[in-house]
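One file, run_30.cif, is given below (mmCIF, C-alpha atoms).
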```cif
data_run
#
loop_
_atom_site.label_atom_id
_atom_site.label_comp_id
_atom_site.auth_asym_id
_atom_site.auth_seq_id
_atom_site.Cartn_x
_atom_site.Cartn_y
_atom_site.Cartn_z
CA MET A 29 83.14 129.75 66.10
CA THR A 30 86.91 129.35 66.49
CA ARG A 31 89.14 126.70 64.95
CA THR A 32 89.96 125.65 68.52
CA ALA A 33 86.28 125.05 69.12
CA LEU A 34 86.11 123.02 65.93
CA ALA A 35 88.99 120.88 67.11
CA LEU A 36 87.26 120.26 70.41
CA GLY A 37 84.12 119.36 68.56
CA LEU A 38 85.97 116.91 66.35
CA THR A 39 87.24 115.22 69.49
CA ALA A 40 83.67 114.81 70.63
CA VAL A 41 82.87 112.29 67.91
CA LEU A 42 79.52 111.42 69.35
CA MET A 43 78.41 115.02 68.98
CA ALA A 44 78.98 114.98 65.23
CA SER A 45 76.57 113.58 62.69
CA THR A 46 76.33 113.12 58.96
CA GLY A 47 72.92 111.53 58.97
CA ALA A 48 70.28 111.91 56.29
CA VAL A 49 68.32 115.13 56.06
CA SER A 50 64.71 114.66 57.15
CA ALA A 51 63.49 117.93 55.62
CA ALA A 52 63.61 118.37 51.86
CA GLU A 53 66.88 119.77 50.53
CA ALA A 54 65.96 122.20 47.75
CA TRP A 55 69.50 123.12 46.72
CA ARG A 56 73.11 123.16 47.90
CA THR A 57 75.61 125.75 46.65
CA SER A 58 79.38 125.64 47.10
CA GLY A 59 82.00 128.34 46.59
CA PHE A 60 81.96 130.06 49.98
CA ASP A 61 84.94 130.53 52.30
CA VAL A 62 84.10 129.61 55.91
CA PRO A 63 80.47 130.82 55.63
CA GLU A 64 79.18 131.60 59.11
CA SER A 65 75.85 133.32 58.60
CA VAL A 66 73.08 133.97 56.08
CA VAL A 67 70.29 136.54 56.12
CA PHE A 68 67.25 136.95 53.85
CA ASP A 69 67.08 140.37 52.19
CA ALA A 70 63.37 140.59 51.40
CA ASP A 71 63.41 144.00 49.69
CA ASN A 72 66.05 142.86 47.20
CA SER A 73 64.94 139.20 46.90
CA ARG A 74 68.35 137.77 47.75
CA LEU A 75 70.45 136.18 50.46
CA ILE A 76 73.57 137.67 52.04
CA VAL A 77 76.24 135.28 53.32
CA SER A 78 79.02 136.24 55.75
CA ASN A 79 82.37 134.60 54.94
CA ILE A 80 85.01 134.53 57.69
CA VAL A 81 87.80 133.62 55.20
CA GLY A 82 90.34 132.35 57.73
CA GLU A 83 90.31 132.29 61.51
CA ALA A 84 87.16 133.34 63.33
CA THR A 85 89.11 135.34 65.94
CA GLU A 86 91.57 137.21 63.70
CA ALA A 87 91.22 140.83 62.56
CA ASP A 88 92.89 140.10 59.25
CA GLY A 89 90.79 142.13 56.80
CA ASN A 90 90.00 139.02 54.73
CA GLY A 91 86.29 138.68 55.54
CA THR A 92 83.67 139.12 52.83
CA LEU A 93 79.94 139.22 52.18
CA SER A 94 78.44 137.30 49.25
CA LEU A 95 75.16 137.90 47.42
CA VAL A 96 73.15 134.80 46.51
CA SER A 97 69.92 134.48 44.52
CA LEU A 98 66.93 132.73 46.05
CA ASP A 99 67.53 129.77 43.74
CA GLY A 100 71.05 129.32 45.04
CA GLU A 101 73.15 131.05 42.38
CA ILE A 102 76.03 133.19 43.59
CA ILE A 103 75.42 136.72 42.28
CA ASP A 104 78.56 138.31 43.70
CA ALA A 105 80.99 136.23 45.76
CA ALA A 106 82.79 139.33 47.08
CA TRP A 107 80.09 142.00 47.22
CA VAL A 108 81.73 143.49 50.32
CA THR A 109 85.39 142.93 51.18
CA GLY A 110 87.85 144.13 53.83
CA LEU A 111 85.97 142.81 56.86
CA ASP A 112 87.71 140.78 59.56
CA ALA A 113 85.74 137.69 60.59
CA PRO A 114 82.08 138.59 59.86
CA LYS A 115 79.44 136.47 61.53
CA GLY A 116 75.73 137.01 62.25
CA SER A 117 73.77 139.82 60.66
CA ALA A 118 70.36 141.50 60.58
CA ILE A 119 68.59 143.99 58.34
CA ALA A 120 66.86 147.16 59.53
CA GLY A 121 66.09 150.47 57.82
CA GLY A 122 67.87 149.66 54.57
CA LYS A 123 71.05 148.68 56.39
CA LEU A 124 72.74 145.37 57.06
CA TYR A 125 74.27 145.12 60.53
CA VAL A 126 77.09 142.56 60.79
CA ALA A 127 78.87 141.31 63.94
CA ASP A 128 82.62 141.43 63.26
CA LEU A 129 84.78 140.63 66.30
CA THR A 130 84.71 143.91 68.27
CA ASN A 131 83.02 145.98 65.57
CA LEU A 132 79.52 146.29 64.22
CA ARG A 133 79.69 146.76 60.46
CA ILE A 134 76.84 148.79 58.98
CA VAL A 135 76.40 148.09 55.27
CA ASP A 136 74.18 150.11 52.95
CA LEU A 137 72.06 147.55 51.10
CA ALA A 138 71.87 149.68 47.96
CA SER A 139 75.53 150.63 47.58
CA GLY A 140 77.45 148.11 49.67
CA GLU A 141 79.28 150.94 51.42
CA VAL A 142 80.43 150.08 54.95
CA GLU A 143 80.52 152.09 58.15
CA THR A 144 82.13 150.75 61.32
CA LEU A 145 80.89 151.15 64.86
CA ALA A 146 83.45 149.95 67.40
CA ILE A 147 81.79 148.49 70.50
CA GLU A 148 83.88 149.30 73.54
CA GLY A 149 84.54 146.28 75.75
CA ALA A 150 83.39 143.74 73.19
CA THR A 151 85.40 140.52 72.82
CA PHE A 152 83.66 138.22 70.31
CA LEU A 153 80.55 139.68 68.69
CA ASN A 154 78.58 136.87 67.11
CA ASP A 155 74.99 137.58 66.04
CA VAL A 156 72.65 140.49 65.47
CA THR A 157 68.91 141.15 65.57
CA ALA A 158 66.68 144.22 65.31
CA ASP A 159 63.45 144.85 67.22
CA SER A 160 60.35 146.62 65.95
CA GLN A 161 61.65 149.96 67.26
CA GLY A 162 64.83 149.70 65.22
CA THR A 163 67.12 148.95 68.16
CA ILE A 164 69.94 146.59 67.22
CA TYR A 165 71.07 143.88 69.64
CA VAL A 166 74.41 142.07 69.36
CA THR A 167 75.63 139.01 71.27
CA ASP A 168 79.14 138.83 72.73
CA THR A 169 79.57 135.10 73.20
CA PHE A 170 82.65 134.74 75.37
CA ALA A 171 81.67 137.63 77.67
CA ASN A 172 78.05 136.50 78.25
CA ARG A 173 76.83 139.88 77.08
CA VAL A 174 74.25 141.45 74.79
CA TYR A 175 74.80 145.01 73.56
CA ALA A 176 72.09 147.40 72.38
CA VAL A 177 72.74 149.87 69.56
CA ALA A 178 70.52 152.86 68.86
CA GLY A 179 71.69 155.36 66.27
CA ASN A 180 75.47 155.46 66.53
CA GLU A 181 75.56 154.62 70.23
CA ALA A 182 76.27 151.17 71.63
CA ALA A 183 75.69 150.26 75.27
CA LEU A 184 75.80 147.12 77.38
CA PHE A 185 72.26 145.77 77.60
CA VAL A 186 72.62 142.55 79.62
CA GLU A 187 75.57 140.71 81.13
CA ASP A 188 74.59 137.46 82.80
CA ALA A 189 76.19 134.00 83.09
CA ALA A 190 72.70 132.57 82.60
CA LEU A 191 73.04 133.51 78.92
CA GLY A 192 75.28 130.45 78.59
CA SER A 193 77.65 131.82 75.94
CA PRO A 194 75.05 133.63 73.81
CA ASN A 195 75.43 132.91 70.12
CA GLY A 196 72.31 133.43 68.00
CA ILE A 197 69.77 136.10 68.90
CA LEU A 198 66.24 136.89 67.69
CA ALA A 199 63.96 139.80 68.60
CA ASP A 200 60.44 138.43 69.06
CA GLY A 201 57.85 140.87 70.33
CA ASP A 202 58.78 142.08 73.80
CA SER A 203 61.56 139.51 74.17
CA LEU A 204 64.95 138.58 72.84
CA LEU A 205 65.46 134.85 72.27
CA VAL A 206 69.06 133.73 72.66
CA ALA A 207 70.52 130.49 71.31
CA SER A 208 73.22 129.58 73.81
CA PHE A 209 76.36 127.82 72.66
CA GLY A 210 77.03 126.19 76.03
CA THR A 211 80.36 125.42 77.66
CA LEU A 212 83.45 124.04 75.93
CA ALA A 213 86.01 121.96 77.77
CA ALA A 214 89.23 120.07 77.08
CA LYS A 215 87.46 116.78 77.72
CA PRO A 216 84.35 116.00 75.66
CA GLU A 217 82.55 114.63 78.71
CA ASP A 218 82.94 118.00 80.43
CA MET A 219 81.32 119.96 77.61
CA VAL A 220 77.85 121.30 78.44
CA PRO A 221 75.38 121.97 75.60
CA GLY A 222 73.36 125.16 75.50
CA GLY A 223 69.66 125.87 75.14
CA LEU A 224 67.23 128.70 74.53
CA VAL A 225 67.15 131.70 76.86
CA ARG A 226 64.65 134.56 76.94
CA ILE A 227 65.47 138.19 77.79
CA ASP A 228 62.57 140.48 78.64
CA ILE A 229 63.40 143.70 76.79
CA ALA A 230 61.62 145.96 79.29
CA THR A 231 63.00 144.46 82.51
CA LYS A 232 66.17 142.76 81.15
CA ALA A 233 65.22 139.66 83.15
CA VAL A 234 66.89 136.47 81.86
CA SER A 235 65.06 133.13 82.01
CA ALA A 236 65.33 129.69 80.43
CA VAL A 237 62.78 128.72 77.79
CA GLU A 238 60.72 125.81 79.08
CA GLY A 239 61.64 122.50 77.48
CA ALA A 240 64.64 123.98 75.64
CA ASP A 241 67.49 123.37 78.07
CA LYS A 242 70.73 121.68 76.93
CA ILE A 243 69.62 121.06 73.35
CA GLY A 244 73.04 121.32 71.76
CA PHE A 245 75.87 123.72 70.98
CA LEU A 246 73.50 126.21 69.42
CA ASP A 247 74.42 128.72 66.75
CA GLY A 248 71.59 130.35 64.77
CA ILE A 249 67.92 130.97 65.55
CA VAL A 250 64.93 131.97 63.40
CA ARG A 251 61.18 131.83 63.88
CA ILE A 252 58.86 129.95 61.55
CA GLY A 253 55.21 130.03 62.54
CA ASP A 254 54.87 129.35 66.25
CA ALA A 255 58.21 127.57 66.55
CA TYR A 256 61.81 128.65 66.94
CA VAL A 257 64.24 126.86 64.66
CA VAL A 258 67.83 126.53 65.87
CA SER A 259 71.05 124.97 64.61
CA ASP A 260 73.40 122.77 66.64
CA PHE A 261 76.90 123.52 65.34
CA PHE A 262 78.68 120.36 66.52
CA GLY A 263 75.79 117.94 66.02
CA GLY A 264 74.83 119.40 62.66
CA THR A 265 71.18 119.15 63.67
CA ILE A 266 68.40 121.63 62.96
CA TYR A 267 65.75 121.63 65.69
CA SER A 268 62.26 123.05 65.89
CA VAL A 269 61.41 124.26 69.40
CA THR A 270 57.95 125.12 70.67
CA PRO A 271 58.17 126.43 74.25
CA GLY A 272 56.92 123.84 76.70
CA SER A 273 57.44 120.94 74.30
CA ALA A 274 60.44 118.73 73.57
CA PRO A 275 62.60 119.89 70.62
CA GLU A 276 61.91 118.11 67.33
CA THR A 277 64.59 117.31 64.76
CA VAL A 278 63.97 119.03 61.44
CA ALA A 279 67.14 117.94 59.66
CA THR A 280 70.50 116.38 60.42
CA LEU A 281 73.40 117.69 58.37
CA ALA A 282 77.15 117.59 59.04
CA MET A 283 79.14 119.29 61.77
CA GLY A 284 79.44 123.01 61.07
CA ALA A 285 75.78 123.96 60.60
CA ALA A 286 76.16 127.61 61.59
CA ASP A 287 73.97 130.73 61.79
CA ILE A 288 70.79 129.90 59.88
CA GLY A 289 68.48 132.30 58.08
CA SER A 290 64.88 132.07 56.87
CA ASP A 291 62.40 133.76 54.56
CA GLY A 292 59.62 132.68 56.91
CA GLU A 293 59.16 129.33 55.18
CA ALA A 294 62.47 127.81 54.07
CA ILE A 295 65.62 127.45 56.18
CA PHE A 296 69.02 128.46 54.81
CA VAL A 297 72.00 126.78 56.46
CA PRO A 298 75.63 127.89 56.04
CA MET A 299 77.94 124.89 56.35
CA MET A 300 81.17 126.37 57.69
CA MET A 301 83.43 123.37 57.26
CA GLU A 302 82.18 122.50 53.77
CA GLY A 303 82.01 126.01 52.31
CA GLU A 304 78.40 125.49 51.27
CA LEU A 305 74.95 127.00 51.67
CA VAL A 306 71.96 124.66 51.91
CA LYS A 307 68.27 125.45 51.46
CA LEU A 308 65.83 123.23 53.37
CA THR A 309 62.08 123.24 52.88
CA LEU A 310 59.89 121.97 55.68
CA GLU A 311 57.67 119.03 54.87
#
```
Written as structure tokens, how would this file's structure read?
Amino acid sequence: MTRTALALGLTAVLMASTGAVSAAEAWRTSGFDVPESVVFDADNSRLIVSNIVGEATEADGNGTLSLVSLDGEIIDAAWVTGLDAPKGSAIAGGKLYVADLTNLRIVDLASGEVETLAIEGATFLNDVTADSQGTIYVTDTFANRVYAVAGNEAALFVEDAALGSPNGILADGDSLLVASFGTLAAKPEDMVPGGLVRIDIATKAVSAVEGADKIGFLDGIVRIGDAYVVSDFFGGTIYSVTPGSAPETVATLAMGAADIGSDGEAIFVPMMMEGELVKLTLE
């Protein structure tokens, strides 16, 4: 998410909300610096938060990763430093894969050591997921692309305008679920919200998820039970989406609800504009 996008969102006052949270808020922790993403590290019983620390489009070397306990205490605010504008991440094979502008950062979960894989042609890498085979998929929002990474090789997987500015991504069986950000515009009335899109991994076919069109300016996506849970960045709303049914509001926070994470039960929400991380428990 860029500061320009934030400004556009602020103009669209009706898209913002600071309403009451309908799910239970378990805790709220401050002390982050433009937190964009959070991932649950099951093997180490902790959360890892990506901090942009500045502008989301600048390769300034200021980005960090923070370690947070499951009860919301910051363990290490600057566990990893020297990144640019780190965003979404995923864990596979003892490694943390982080989208960082045009690079995929590969962080050893035991040592915190970082390797960098430059993705040729990338413009704005935004979120990461891993399938059951260990293939890593990365969204490139402004280019309407998804890249696939196997070993140390990255290749274009899908490029399609139907992805609708792909932001969040989730590997789910034989599919990739994409949370589309939608279309920004100078005039709020010209902005078009995004929805959920499915990519068949085998055929690379792209299709809309039934009942999940034009939900909001979507950022993160996780799965809890049979439903997909997504965040609307501008609206600050967390939705539960069951394909074929209308989205249901889980919680309404403030503008800036970014790339959510989950331990399979609770939802963790980085609040970019407030520098906070919120844990929500479903009622």
message: Expand the PyMOL selection byres ((chain A and resi 275-292) around 8) into the explicit residue set it covers here, and present it as a ChimeraX atom specification.
response: /A:44-51,64-68,70,115-116,196,239-240,243,247-253,258-270,273-274,293-302,310
Return as lines of an AutoDock Vina configuration file the box centre and box size in Å, one decimal, for an axis-aligned box around all listed atoms of segment 231-244 of chain A padded by 4 Å per side.
```
center_x = 66.9
center_y = 132.8
center_z = 77.5
size_x = 20.3
size_y = 31.4
size_z = 19.4
```
Long-range neighbours of Ala87 of chain A as a list in words, 12 Å cut-off, only C-alpha atoms, 2 positions minimum in chain: Ile80, Val81, Gly82, Glu83, Ala84, Thr85, Gly89, Asn90, Gly91, Gly110, Leu111, Asp112, Ala113, Pro114, Asp128, Leu129, Thr130, Asn131, Thr151 and Phe152 of chain A
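Put simply, atom CA of Ala118 of chain A is 14.4 Å away from atom CA of Val142 of chain A.
What separates atom CA of Ala176 of chain A from atom CA of Tyr256 of chain A is a distance of 22.1 Å.
Computed from the coordinates, the atom CA of Asp188 of chain A to atom CA of Ser235 of chain A distance equals 10.5 Å.
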So that each row is one residue of segment 111-196 of chain A with an atom at most 8 Å from segment 222-226 of chain A, can you give its shortest atom pair and the distance in Å to one decimal, using only C-alpha atoms, rows by chain and rising number, as JSON lines?
```
{"residue": "A:Leu191", "atom": "CA", "partner": "A:Val225", "partner_atom": "CA", "distance": 6.5}
{"residue": "A:Gly192", "atom": "CA", "partner": "A:Gly222", "partner_atom": "CA", "distance": 6.4}
{"residue": "A:Ser193", "atom": "CA", "partner": "A:Gly222", "partner_atom": "CA", "distance": 7.9}
```
Please, could you write that set of residues out with C-alpha atoms as a compact mmCIF listing (two decimals), in the coordinates of the input?
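This went into out-v9.txt:
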```
# COMPACT_ATOMS: atom_id res chain seq x y z
CA LEU A 191 73.04 133.51 78.92
CA GLY A 192 75.28 130.45 78.59
CA SER A 193 77.65 131.82 75.94
```
- request: Tell me which residues the PyMOL selection byres ((chain A and resi 93) around 7) grabs here, as an MDAnalysis selection string.
  value: chainID A and resid 76:79 92 94:95 106:109
Residue neighbourhood Gly121 of chain A, 10 Å, only C-alpha atoms, exclusion window fewer than 3 positions, as a list of chain:residue names: A:Leu124, A:Asp136, A:Leu137, A:Ala158, A:Gly162
Written selection (C-alpha atoms) as a PDB file, in the coordinates of the input:
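Generated output (out24.pdb):
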```pdb
ATOM      1  CA  LEU A 124      72.740 145.370  57.060  1.00  0.00           C
ATOM      2  CA  ASP A 136      74.180 150.110  52.950  1.00  0.00           C
ATOM      3  CA  LEU A 137      72.060 147.550  51.100  1.00  0.00           C
ATOM      4  CA  ALA A 158      66.680 144.220  65.310  1.00  0.00           C
ATOM      5  CA  GLY A 162      64.830 149.700  65.220  1.00  0.00           C
TER       6      GLY A 162
END
```
- prompt: Which protein, DNA or RNA residues are at most 9 Å from (66.9, 137.7, 68.5) in the file's coordinates when you count all atoms listed in the file, listed as a VMD selection string?
  reply: chain A and resid 155 to 159 165 to 166 196 to 200 203 to 207 249 to 250
So that I can look at just that part, could you write segment 170-183 of chain A with all heavy atoms, as a PDB file, in the first residue's frame?
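Dumped everything to decode.pdb:
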```
ATOM      1  N   PHE A 170       0.651  -4.182  -8.968  1.00  0.00           N
ATOM      2  CA  PHE A 170       0.448  -3.200 -10.030  1.00  0.00           C
ATOM      3  C   PHE A 170       0.605  -3.797 -11.425  1.00  0.00           C
ATOM      4  O   PHE A 170       0.162  -3.206 -12.420  1.00  0.00           O
ATOM      5  CB  PHE A 170       1.398  -2.027  -9.851  1.00  0.00           C
ATOM      6  CG  PHE A 170       1.202  -1.283  -8.556  1.00  0.00           C
ATOM      7  CD1 PHE A 170       2.263  -0.660  -7.927  1.00  0.00           C
ATOM      8  CD2 PHE A 170      -0.048  -1.226  -7.959  1.00  0.00           C
ATOM      9  CE1 PHE A 170       2.079   0.027  -6.728  1.00  0.00           C
ATOM     10  CE2 PHE A 170      -0.248  -0.551  -6.755  1.00  0.00           C
ATOM     11  CZ  PHE A 170       0.821   0.084  -6.137  1.00  0.00           C
ATOM     12  N   ALA A 171       1.218  -4.968 -11.533  1.00  0.00           N
ATOM     13  CA  ALA A 171       1.421  -5.612 -12.830  1.00  0.00           C
ATOM     14  C   ALA A 171       0.401  -6.705 -13.116  1.00  0.00           C
ATOM     15  O   ALA A 171       0.454  -7.330 -14.174  1.00  0.00           O
ATOM     16  CB  ALA A 171       2.831  -6.197 -12.908  1.00  0.00           C
ATOM     17  N   ASN A 172      -0.526  -6.964 -12.185  1.00  0.00           N
ATOM     18  CA  ASN A 172      -1.508  -8.040 -12.335  1.00  0.00           C
ATOM     19  C   ASN A 172      -0.829  -9.380 -12.608  1.00  0.00           C
ATOM     20  O   ASN A 172      -1.210 -10.121 -13.522  1.00  0.00           O
ATOM     21  CB  ASN A 172      -2.508  -7.717 -13.454  1.00  0.00           C
ATOM     22  CG  ASN A 172      -3.635  -6.830 -12.980  1.00  0.00           C
ATOM     23  OD1 ASN A 172      -4.180  -7.037 -11.891  1.00  0.00           O
ATOM     24  ND2 ASN A 172      -3.981  -5.829 -13.763  1.00  0.00           N
ATOM     25  N   ARG A 173       0.185  -9.666 -11.799  1.00  0.00           N
ATOM     26  CA  ARG A 173       0.941 -10.898 -11.976  1.00  0.00           C
ATOM     27  C   ARG A 173       1.035 -11.699 -10.688  1.00  0.00           C
ATOM     28  O   ARG A 173       0.940 -11.152  -9.587  1.00  0.00           O
ATOM     29  CB  ARG A 173       2.377 -10.589 -12.423  1.00  0.00           C
ATOM     30  CG  ARG A 173       2.510  -9.927 -13.768  1.00  0.00           C
ATOM     31  CD  ARG A 173       3.951  -9.526 -14.004  1.00  0.00           C
ATOM     32  NE  ARG A 173       4.111  -8.754 -15.235  1.00  0.00           N
ATOM     33  CZ  ARG A 173       5.109  -7.913 -15.459  1.00  0.00           C
ATOM     34  NH1 ARG A 173       6.039  -7.722 -14.534  1.00  0.00           N
ATOM     35  NH2 ARG A 173       5.180  -7.260 -16.601  1.00  0.00           N
ATOM     36  N   VAL A 174       1.252 -12.999 -10.865  1.00  0.00           N
ATOM     37  CA  VAL A 174       1.665 -13.894  -9.783  1.00  0.00           C
ATOM     38  C   VAL A 174       2.898 -14.633 -10.267  1.00  0.00           C
ATOM     39  O   VAL A 174       2.906 -15.179 -11.382  1.00  0.00           O
ATOM     40  CB  VAL A 174       0.557 -14.897  -9.414  1.00  0.00           C
ATOM     41  CG1 VAL A 174       1.076 -15.921  -8.397  1.00  0.00           C
ATOM     42  CG2 VAL A 174      -0.668 -14.176  -8.859  1.00  0.00           C
ATOM     43  N   TYR A 175       3.952 -14.628  -9.463  1.00  0.00           N
ATOM     44  CA  TYR A 175       5.173 -15.367  -9.767  1.00  0.00           C
ATOM     45  C   TYR A 175       5.211 -16.651  -8.953  1.00  0.00           C
ATOM     46  O   TYR A 175       4.674 -16.718  -7.844  1.00  0.00           O
ATOM     47  CB  TYR A 175       6.414 -14.530  -9.437  1.00  0.00           C
ATOM     48  CG  TYR A 175       6.606 -13.332 -10.326  1.00  0.00           C
ATOM     49  CD1 TYR A 175       6.088 -12.084  -9.968  1.00  0.00           C
ATOM     50  CD2 TYR A 175       7.292 -13.433 -11.532  1.00  0.00           C
ATOM     51  CE1 TYR A 175       6.258 -10.977 -10.783  1.00  0.00           C
ATOM     52  CE2 TYR A 175       7.469 -12.315 -12.353  1.00  0.00           C
ATOM     53  CZ  TYR A 175       6.948 -11.097 -11.973  1.00  0.00           C
ATOM     54  OH  TYR A 175       7.109 -10.000 -12.792  1.00  0.00           O
ATOM     55  N   ALA A 176       5.858 -17.670  -9.524  1.00  0.00           N
ATOM     56  CA  ALA A 176       6.090 -18.927  -8.816  1.00  0.00           C
ATOM     57  C   ALA A 176       7.583 -19.092  -8.586  1.00  0.00           C
ATOM     58  O   ALA A 176       8.396 -18.817  -9.479  1.00  0.00           O
ATOM     59  CB  ALA A 176       5.547 -20.108  -9.618  1.00  0.00           C
ATOM     60  N   VAL A 177       7.943 -19.524  -7.377  1.00  0.00           N
ATOM     61  CA  VAL A 177       9.347 -19.704  -7.020  1.00  0.00           C
ATOM     62  C   VAL A 177       9.545 -21.139  -6.540  1.00  0.00           C
ATOM     63  O   VAL A 177       8.880 -21.586  -5.604  1.00  0.00           O
ATOM     64  CB  VAL A 177       9.770 -18.721  -5.913  1.00  0.00           C
ATOM     65  CG1 VAL A 177      11.226 -18.940  -5.529  1.00  0.00           C
ATOM     66  CG2 VAL A 177       9.534 -17.281  -6.347  1.00  0.00           C
ATOM     67  N   ALA A 178      10.458 -21.840  -7.194  1.00  0.00           N
ATOM     68  CA  ALA A 178      10.819 -23.196  -6.794  1.00  0.00           C
ATOM     69  C   ALA A 178      12.342 -23.250  -6.695  1.00  0.00           C
ATOM     70  O   ALA A 178      13.040 -22.917  -7.663  1.00  0.00           O
ATOM     71  CB  ALA A 178      10.308 -24.223  -7.792  1.00  0.00           C
ATOM     72  N   GLY A 179      12.850 -23.616  -5.519  1.00  0.00           N
ATOM     73  CA  GLY A 179      14.292 -23.555  -5.319  1.00  0.00           C
ATOM     74  C   GLY A 179      14.746 -22.114  -5.356  1.00  0.00           C
ATOM     75  O   GLY A 179      14.183 -21.250  -4.690  1.00  0.00           O
ATOM     76  N   ASN A 180      15.721 -21.820  -6.174  1.00  0.00           N
ATOM     77  CA  ASN A 180      16.196 -20.447  -6.332  1.00  0.00           C
ATOM     78  C   ASN A 180      15.787 -19.847  -7.669  1.00  0.00           C
ATOM     79  O   ASN A 180      16.405 -18.890  -8.141  1.00  0.00           O
ATOM     80  CB  ASN A 180      17.723 -20.406  -6.193  1.00  0.00           C
ATOM     81  CG  ASN A 180      18.172 -20.693  -4.776  1.00  0.00           C
ATOM     82  OD1 ASN A 180      17.557 -20.218  -3.828  1.00  0.00           O
ATOM     83  ND2 ASN A 180      19.231 -21.478  -4.632  1.00  0.00           N
ATOM     84  N   GLU A 181      14.738 -20.406  -8.270  1.00  0.00           N
ATOM     85  CA  GLU A 181      14.285 -19.937  -9.574  1.00  0.00           C
ATOM     86  C   GLU A 181      12.893 -19.340  -9.476  1.00  0.00           C
ATOM     87  O   GLU A 181      11.975 -19.964  -8.930  1.00  0.00           O
ATOM     88  CB  GLU A 181      14.282 -21.092 -10.579  1.00  0.00           C
ATOM     89  CG  GLU A 181      15.655 -21.708 -10.845  1.00  0.00           C
ATOM     90  CD  GLU A 181      16.586 -20.757 -11.571  1.00  0.00           C
ATOM     91  OE1 GLU A 181      16.081 -19.913 -12.348  1.00  0.00           O
ATOM     92  OE2 GLU A 181      17.806 -20.850 -11.358  1.00  0.00           O
ATOM     93  N   ALA A 182      12.741 -18.129  -9.985  1.00  0.00           N
ATOM     94  CA  ALA A 182      11.439 -17.473 -10.028  1.00  0.00           C
ATOM     95  C   ALA A 182      10.989 -17.344 -11.473  1.00  0.00           C
ATOM     96  O   ALA A 182      11.787 -17.052 -12.364  1.00  0.00           O
ATOM     97  CB  ALA A 182      11.517 -16.091  -9.388  1.00  0.00           C
ATOM     98  N   ALA A 183       9.701 -17.587 -11.704  1.00  0.00           N
ATOM     99  CA  ALA A 183       9.161 -17.484 -13.062  1.00  0.00           C
ATOM    100  C   ALA A 183       7.758 -16.910 -13.003  1.00  0.00           C
ATOM    101  O   ALA A 183       7.031 -17.096 -12.014  1.00  0.00           O
ATOM    102  CB  ALA A 183       9.136 -18.860 -13.727  1.00  0.00           C
TER     103      ALA A 183
END
```
